[in-house]
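Novice: As input, take structure_11.cif (mmCIF, C-alpha atoms and all ligand atoms):
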data_model
loop_
_atom_site.label_atom_id
_atom_site.label_comp_id
_atom_site.auth_asym_id
_atom_site.auth_seq_id
_atom_site.Cartn_x
_atom_site.Cartn_y
_atom_site.Cartn_z
CA MET A 1 -16.43 6.19 3.84
CA LEU A 2 -17.75 7.03 0.37
CA GLY A 3 -14.18 7.12 -0.85
CA LEU A 4 -13.53 3.70 0.61
CA LEU A 5 -16.70 2.27 -0.97
CA ARG A 6 -15.83 3.78 -4.32
CA ARG A 7 -12.37 2.25 -4.13
CA TRP A 8 -13.87 -1.10 -3.22
CA PHE A 9 -16.34 -1.21 -6.10
CA THR A 10 -14.05 0.15 -8.80
CA ARG A 11 -10.94 -1.65 -7.66
CA PRO A 12 -9.38 -3.65 -10.49
CA THR A 13 -7.93 -7.07 -9.68
CA PRO A 14 -4.24 -6.27 -9.53
CA GLU A 15 -1.92 -8.76 -11.17
CA PHE A 16 1.79 -9.08 -10.51
CA ASP A 17 3.53 -8.97 -13.87
CA PRO A 18 6.37 -11.58 -14.04
CA ALA A 19 8.31 -9.04 -16.13
CA TRP A 20 8.82 -7.00 -12.90
CA GLU A 21 10.82 -9.72 -11.20
CA PRO A 22 14.25 -9.35 -12.89
CA MET A 23 14.38 -5.67 -11.85
CA LEU A 24 13.41 -6.57 -8.26
CA LEU A 25 16.06 -9.30 -8.10
CA GLU A 26 18.65 -6.82 -9.34
CA LYS A 27 17.71 -3.68 -7.39
CA TYR A 28 15.90 -4.85 -4.25
CA ALA A 29 18.24 -6.85 -2.02
CA HIS A 30 15.39 -8.42 -0.01
CA TRP A 31 13.55 -9.89 -2.95
CA SER A 32 15.89 -12.88 -3.38
CA THR A 33 15.40 -13.87 0.29
CA LEU A 34 11.64 -14.43 -0.23
CA GLU A 35 10.17 -17.79 -1.11
CA GLY A 36 6.99 -19.86 -0.98
CA GLY A 37 3.93 -18.25 0.56
CA GLU A 38 5.83 -15.09 1.54
CA LEU A 39 6.91 -14.50 -2.06
CA GLU A 40 3.37 -15.02 -3.35
CA ARG A 41 1.90 -12.62 -0.78
CA MET A 42 4.57 -10.03 -1.61
CA LYS A 43 3.64 -10.21 -5.28
CA MET A 44 -0.04 -9.67 -4.45
CA LEU A 45 0.71 -6.77 -2.08
CA THR A 46 3.09 -5.13 -4.57
CA ALA A 47 0.56 -5.27 -7.40
CA ARG A 48 -2.21 -4.00 -5.12
CA PHE A 49 -0.10 -1.08 -3.87
CA ILE A 50 0.64 0.05 -7.42
CA ALA A 51 -3.04 -0.15 -8.42
CA ASP A 52 -4.38 1.47 -5.24
CA ASN A 53 -2.30 4.65 -5.38
CA ASP A 54 -2.14 7.73 -7.55
CA TRP A 55 1.44 8.34 -8.63
CA GLU A 56 2.64 11.90 -9.08
CA ALA A 57 5.97 13.15 -10.37
CA ALA A 58 7.74 16.27 -9.09
CA GLN A 59 11.00 18.01 -9.93
CA GLY A 60 11.50 16.55 -13.42
CA MET A 61 10.90 13.02 -12.18
CA GLU A 62 9.23 10.50 -14.45
CA ILE A 63 6.97 7.76 -13.08
CA THR A 64 7.98 4.54 -14.83
CA THR A 65 6.91 0.99 -14.04
CA ASP A 66 10.31 0.38 -12.38
CA VAL A 67 9.71 3.34 -10.05
CA GLN A 68 6.27 2.07 -9.05
CA VAL A 69 7.42 -1.52 -8.56
CA LEU A 70 10.50 -0.67 -6.49
CA VAL A 71 8.53 1.62 -4.15
CA ALA A 72 5.56 -0.77 -3.93
CA ALA A 73 7.65 -3.84 -3.12
CA GLN A 74 9.40 -2.09 -0.22
CA ALA A 75 6.11 -0.69 1.11
CA ALA A 76 4.65 -4.19 0.80
CA MET A 77 7.48 -5.65 2.90
CA LEU A 78 6.07 -4.02 6.05
CA LEU A 79 2.62 -5.53 5.38
CA LEU A 80 3.91 -9.01 4.58
CA GLY A 81 3.18 -10.51 8.02
CA LEU A 82 0.36 -8.15 9.06
CA GLU A 83 -3.33 -8.90 8.81
CA ILE A 84 -3.94 -5.87 6.59
CA ASP A 85 -3.30 -5.71 2.84
CA GLU A 86 -3.01 -1.95 2.46
CA TYR A 87 -2.19 1.36 4.14
CA PHE A 88 -5.77 2.55 4.46
CA ASP A 89 -5.20 6.31 4.38
CA VAL A 90 -2.45 6.32 1.75
CA THR A 91 -3.87 7.14 -1.68
CA SER A 92 -1.06 8.95 -3.41
CA ILE A 93 2.71 8.80 -3.75
CA ILE A 94 4.70 11.84 -4.87
CA MET A 95 8.11 11.05 -6.29
CA HIS A 96 10.98 13.55 -6.42
CA LYS A 97 14.12 12.84 -8.40
CA SER A 98 16.78 13.65 -5.80
CA THR A 99 16.07 15.20 -2.42
CA VAL A 100 12.60 16.35 -1.43
CA ARG A 101 12.72 20.14 -0.97
CA LEU A 102 10.05 21.49 1.36
CA ARG A 103 9.66 25.10 2.45
CA GLY A 104 8.05 26.05 5.73
CA VAL A 105 8.34 26.57 9.45
CA ARG A 106 9.49 23.60 11.46
CA ARG A 107 10.42 22.78 15.02
CA GLY A 108 14.13 22.98 15.75
CA ALA A 109 16.24 21.96 18.72
CA ALA A 110 15.27 23.04 22.26
CA GLY A 111 11.81 24.32 21.31
CA THR A 112 13.02 26.84 18.70
CA MET A 113 11.21 27.36 15.38
CA ARG A 114 13.11 27.53 12.11
CA ASP A 115 11.99 28.74 8.73
CA GLY A 116 13.53 27.75 5.41
CA VAL A 117 13.99 24.99 2.88
CA GLN A 118 14.37 21.45 4.13
CA HIS A 119 16.08 18.74 2.11
CA LEU A 120 14.54 15.39 2.93
CA ALA A 121 14.66 11.80 1.71
CA GLY A 122 10.92 11.55 2.25
CA GLN A 123 7.94 12.69 4.25
CA ALA A 124 4.78 11.11 5.65
CA THR A 125 1.97 13.15 7.19
CA PRO A 126 -1.33 11.80 8.53
CA LYS A 127 -3.82 11.17 5.70
CA GLY A 128 -1.66 13.05 3.16
CA PRO A 129 0.45 11.70 0.31
CA VAL A 130 3.75 9.96 1.00
CA VAL A 131 6.59 11.95 -0.56
CA LEU A 132 9.76 10.11 -1.55
CA SER A 133 13.13 10.81 -3.14
CA TRP A 134 13.79 8.32 -5.93
CA ALA A 135 17.54 8.51 -5.28
CA ALA A 136 16.95 7.54 -1.64
CA VAL A 137 14.48 4.81 -2.61
CA LYS A 138 17.11 3.18 -4.82
CA ARG A 139 19.84 3.48 -2.18
CA GLY A 140 17.67 1.90 0.50
CA ALA A 141 16.58 -0.96 -1.75
CA SER A 142 20.17 -1.95 -2.52
CA ARG A 143 21.20 -1.76 1.18
CA SER A 144 24.26 0.20 0.08
CA GLY A 145 23.06 3.17 2.11
CA GLY A 146 24.32 1.82 5.42
CA GLY A 147 20.99 0.37 6.44
CA ASP A 148 18.83 3.46 5.89
CA ASN A 149 15.63 2.87 3.96
CA VAL A 150 13.30 5.77 3.25
CA VAL A 151 10.36 3.58 2.20
CA TYR A 152 10.45 1.49 5.37
CA HIS A 153 10.87 4.71 7.37
CA GLU A 154 7.93 6.65 5.92
CA PHE A 155 5.58 3.68 5.84
CA ALA A 156 6.46 2.79 9.43
CA HIS A 157 5.20 6.31 10.23
CA ARG A 158 1.97 5.54 8.38
CA LEU A 159 1.49 2.31 10.36
CA ASP A 160 2.15 4.29 13.54
CA MET A 161 -0.52 6.82 12.44
CA LEU A 162 -3.22 4.17 11.82
CA ASP A 163 -4.66 4.61 15.34
CA GLY A 164 -4.74 8.41 14.98
CA PHE A 165 -1.63 9.08 17.08
CA THR A 166 1.95 9.56 15.89
CA ASP A 167 3.48 8.22 19.06
CA GLY A 168 5.82 5.42 18.00
CA THR A 169 3.23 2.79 18.86
CA PRO A 170 1.29 1.23 15.99
CA PRO A 171 -2.04 -0.51 16.73
CA LEU A 172 -1.11 -3.55 18.82
CA GLY A 173 -4.46 -5.15 19.49
CA SER A 174 -4.43 -5.43 23.27
CA GLU A 175 -3.47 -3.58 26.43
CA GLU A 176 -1.15 -6.40 27.33
CA ALA A 177 0.72 -6.05 24.03
CA ALA A 178 0.89 -2.27 24.44
CA ALA A 179 2.35 -2.65 27.95
CA ARG A 180 5.03 -5.07 26.72
CA TRP A 181 5.80 -2.74 23.79
CA ALA A 182 6.39 0.17 26.17
CA GLN A 183 8.45 -2.01 28.50
CA VAL A 184 10.82 -2.92 25.64
CA CYS A 185 10.86 0.31 23.62
CA THR A 186 11.32 2.78 26.49
CA PRO A 187 14.77 1.53 27.61
CA ALA A 188 15.85 1.02 23.97
CA TYR A 189 14.85 4.64 23.24
CA GLU A 190 16.78 5.81 26.31
CA ARG A 191 19.87 3.98 25.06
CA VAL A 192 19.60 5.84 21.71
CA GLN A 193 19.31 9.13 23.57
CA ALA A 194 22.40 8.25 25.58
CA GLY A 195 24.32 7.46 22.36
CA ASP A 196 24.59 3.80 23.34
CA SER A 197 22.71 2.02 20.53
CA VAL A 198 23.19 0.42 17.12
CA LEU A 199 20.29 2.56 15.85
CA ARG A 200 21.36 5.74 14.06
CA GLY A 201 21.17 8.93 16.06
CA TYR A 202 18.07 10.26 14.29
CA ALA A 203 16.08 7.73 16.34
CA ALA A 204 16.69 9.97 19.37
CA THR A 205 14.63 12.81 17.81
CA ASN A 206 11.39 11.54 19.36
CA ILE A 207 9.62 8.23 19.98
CA ALA A 208 7.91 8.30 16.54
CA GLU A 209 11.28 8.61 14.80
CA PHE A 210 12.59 5.88 17.09
CA PHE A 211 9.96 3.46 15.73
CA ALA A 212 10.63 4.47 12.10
CA VAL A 213 14.42 4.11 12.43
CA ALA A 214 14.07 0.83 14.38
CA THR A 215 11.87 -0.47 11.54
CA GLU A 216 14.59 0.39 9.00
CA ALA A 217 17.15 -1.53 11.08
CA PHE A 218 14.77 -4.46 11.66
CA PHE A 219 14.52 -5.05 7.90
CA ASN A 220 17.85 -3.77 6.62
CA ARG A 221 20.25 -4.84 9.38
CA PRO A 222 18.27 -7.56 11.19
CA GLU A 223 21.33 -9.57 12.29
CA VAL A 224 22.86 -6.48 13.91
CA LEU A 225 19.63 -5.50 15.65
CA ALA A 226 19.00 -9.08 16.84
CA GLU A 227 22.50 -9.25 18.28
CA HIS A 228 22.57 -5.88 20.07
CA GLU A 229 18.89 -5.17 20.82
CA ARG A 230 17.40 -8.65 21.16
CA ASP A 231 14.25 -7.58 23.04
CA LEU A 232 13.54 -4.82 20.53
CA TYR A 233 14.13 -7.21 17.65
CA ASP A 234 11.73 -9.76 19.18
CA GLU A 235 9.08 -7.10 19.79
CA LEU A 236 9.29 -5.91 16.17
CA ARG A 237 9.28 -9.54 14.99
CA ARG A 238 6.04 -10.10 16.90
CA PHE A 239 4.46 -6.92 15.55
CA PHE A 240 5.50 -7.34 11.91
CA GLY A 241 4.81 -11.10 11.97
CA GLN A 242 8.06 -11.94 10.21
CA ASP A 243 11.68 -12.74 10.97
CA PRO A 244 14.09 -11.03 8.53
CA ALA A 245 17.20 -12.28 10.39
CA ARG A 246 16.12 -15.89 9.91
CA ARG A 247 15.25 -15.19 6.27
CA ILE A 248 18.70 -13.73 5.56
CA GLN A 249 20.46 -16.61 7.37
CA SER A 250 18.65 -19.24 5.35
CA SER A 251 19.02 -17.38 2.06
CA PRO A 252 21.74 -18.60 -0.33
CA THR A 253 22.75 -15.05 -1.26
ZN ZN A 301 10.63 10.18 10.23
#
Would you write the structure of this file as structure tokens?
Specialist:
Amino acid sequence: MLGLLRRWFTRPTPEFDPAWEPMLLEKYAHWSTLEGGELERMKMLTARFIADNDWEAAQGMEITTDVQVLVAAQAAMLLLGLEIDEYFDVTSIIMHKSTVRLRGVRRGAAGTMRDGVQHLAGQATPKGPVVLSWAAVKRGASRSGGGDNVVYHEFAHRLDMLDGFTDGTPPLGSEEAAARWAQVCTPAYERVQAGDSVLRGYAATNIAEFFAVATEAFFNRPEVLAEHERDLYDELRRFFGQDPARRIQSSPT
């Protein structure tokens, strides 16, 4: 609580610098689809995200303004239609240059435990920093990575964790909404497990990964998701309060 109060009282008024926009138009495929009130809110959220977080470099990485802006804009995309302006428990971002190398014991297939170095595009843990690979951030922003997006993925996990559970269900506001969410997501998750889905196979890992991968597809391949998983698309559209498929259709690019 003290931390929150301190942040509140010392928080500078973040300003979106117009000089950031050419880089976003060039490197972030979604930016050119935004207009009007959505564009203005994205600018506010992007500037706030940069100001609210500590930025740390690992592995010979350098934190430049371009790095901050490209990460912040993609993290802001998930908040665009939500009633919150920030990821409350996220206070620091750690950037690695290529893959994120983490050493430790982890759960493997069929209940086994494995020890060793993991190479990841990113990592989000409850209340900890969000760790990202800059190479993966750039790939996801340009949509040249086949629809994967590490920023959407890790920040979807952080939205999922807001209610204290990493269970693939972000805070939905009512029991009725939670029941409908389960009704739609359960069969969609079963289709991924059966190998019968447009979502990439990693979504079958568990229901939390299902939500993170579905979020990537919702923003990066919305037309495909809307065509093949209409109920899931509509459920995510309701939750995120935005319609990326419509935005892409009506965009000139
Ligand atoms: Zn994940």
Novice: List as a list in words the protein and nucleic acid residues near range 186-201 of chain A, meaning an atom at most 8 Å away when only C-alpha atoms are counted, but skip any in the same chain fewer than 5 places from it.
Specialist: Ile207, Phe210, Val213, Ala214, Ala217, Val224, Leu225, His228, Glu229 and Leu232 of chain A
Novice: Of the residues A:Met23, A:Cys185, A:Val131, A:Ala73, which is the one nearest to Met42 in chain A, using only C-alpha atoms?
Specialist: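 Among the listed residues, the smallest separation from Met42 in chain A belongs to A:Ala73.
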Novice: Please, which residues have at least one atom within 12 Å of an atom of ligand ZN 301 (chain A), using only C-alpha atoms and all ligand atoms, listed as a VMD selection string?
Specialist: chain A and resid 120 to 125 130 to 132 148 to 158 160 to 161 166 to 168 202 to 216
Novice: With a distance cut-off of 8 Å and all atoms listed in the file, select the neighbouring residues of Leu80 in chain A, excluding the residue or stretch itself and same-chain residues fewer than 4 positions from it, and output the selection as an NGL selection string.
Specialist: :A and (38 or 41-42 or 45 or 76 or 240-242)
Novice: Restricting the calculation to only C-alpha atoms: of A:Ala245, A:Ile94, A:Leu34, A:Leu79, which residue gets closest to Glu62 in chain A?
Specialist: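 For Glu62 in chain A, the nearest of the given residues is A:Ile94.
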Novice: Smallest atom-to-atom distance to Asp243 in chain A: which of A:Met77, A:Val69, A:His96, A:Trp181, using all atoms listed in the file?
Specialist: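 Nearest to Asp243 in chain A: A:Met77.
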Novice: Place a sphere of radius 6 Å on (-2.5, 13.3, -7.2) in the file coordinates and name every protein, DNA or RNA residue with an atom inside or on its surface, counting all atoms listed in the file; give the answer as a PyMOL selection string.
Specialist: chain A and resi 54+56+92
Novice: Between A:Asn220, A:Glu15, A:Pro126, A:Ala182, which is the closest to Ser144 in chain A once you count only C-alpha atoms?
Specialist: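 Once distances to Ser144 in chain A are computed over only C-alpha atoms, the minimum belongs to A:Asn220.
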Novice: Would you work out the distance separating CA of Leu24 in chain A from CA of Leu70 in chain A, expressed in Å to one decimal?
Specialist: 6.8 Å
Novice: What does the structure give for the distance between CA of Met61 in chain A and CA of Val137 in chain A, in Å to one decimal?
Specialist: 13.1 Å
Novice: With all atoms listed in the file as the atoms that count, which of A:Val100, A:Phe219, A:Thr13, A:Ala179 lies nearest to Ala75 in chain A?
Specialist: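 When distances to Ala75 in chain A are compared using all atoms listed in the file, the smallest one comes from A:Phe219.
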Novice: Can you measure CA of Ala178 in chain A to CA of Gly147 in chain A for me? One decimal in Å is fine.
Specialist: 27.1 Å
Novice: So, with only C-alpha atoms as the atoms that count, which of A:Ala58, A:Arg48, A:Val71, A:Glu86 lies closest to Gly140 in chain A?
Specialist: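 Answer, going by the shortest atom-to-atom distance: A:Val71.
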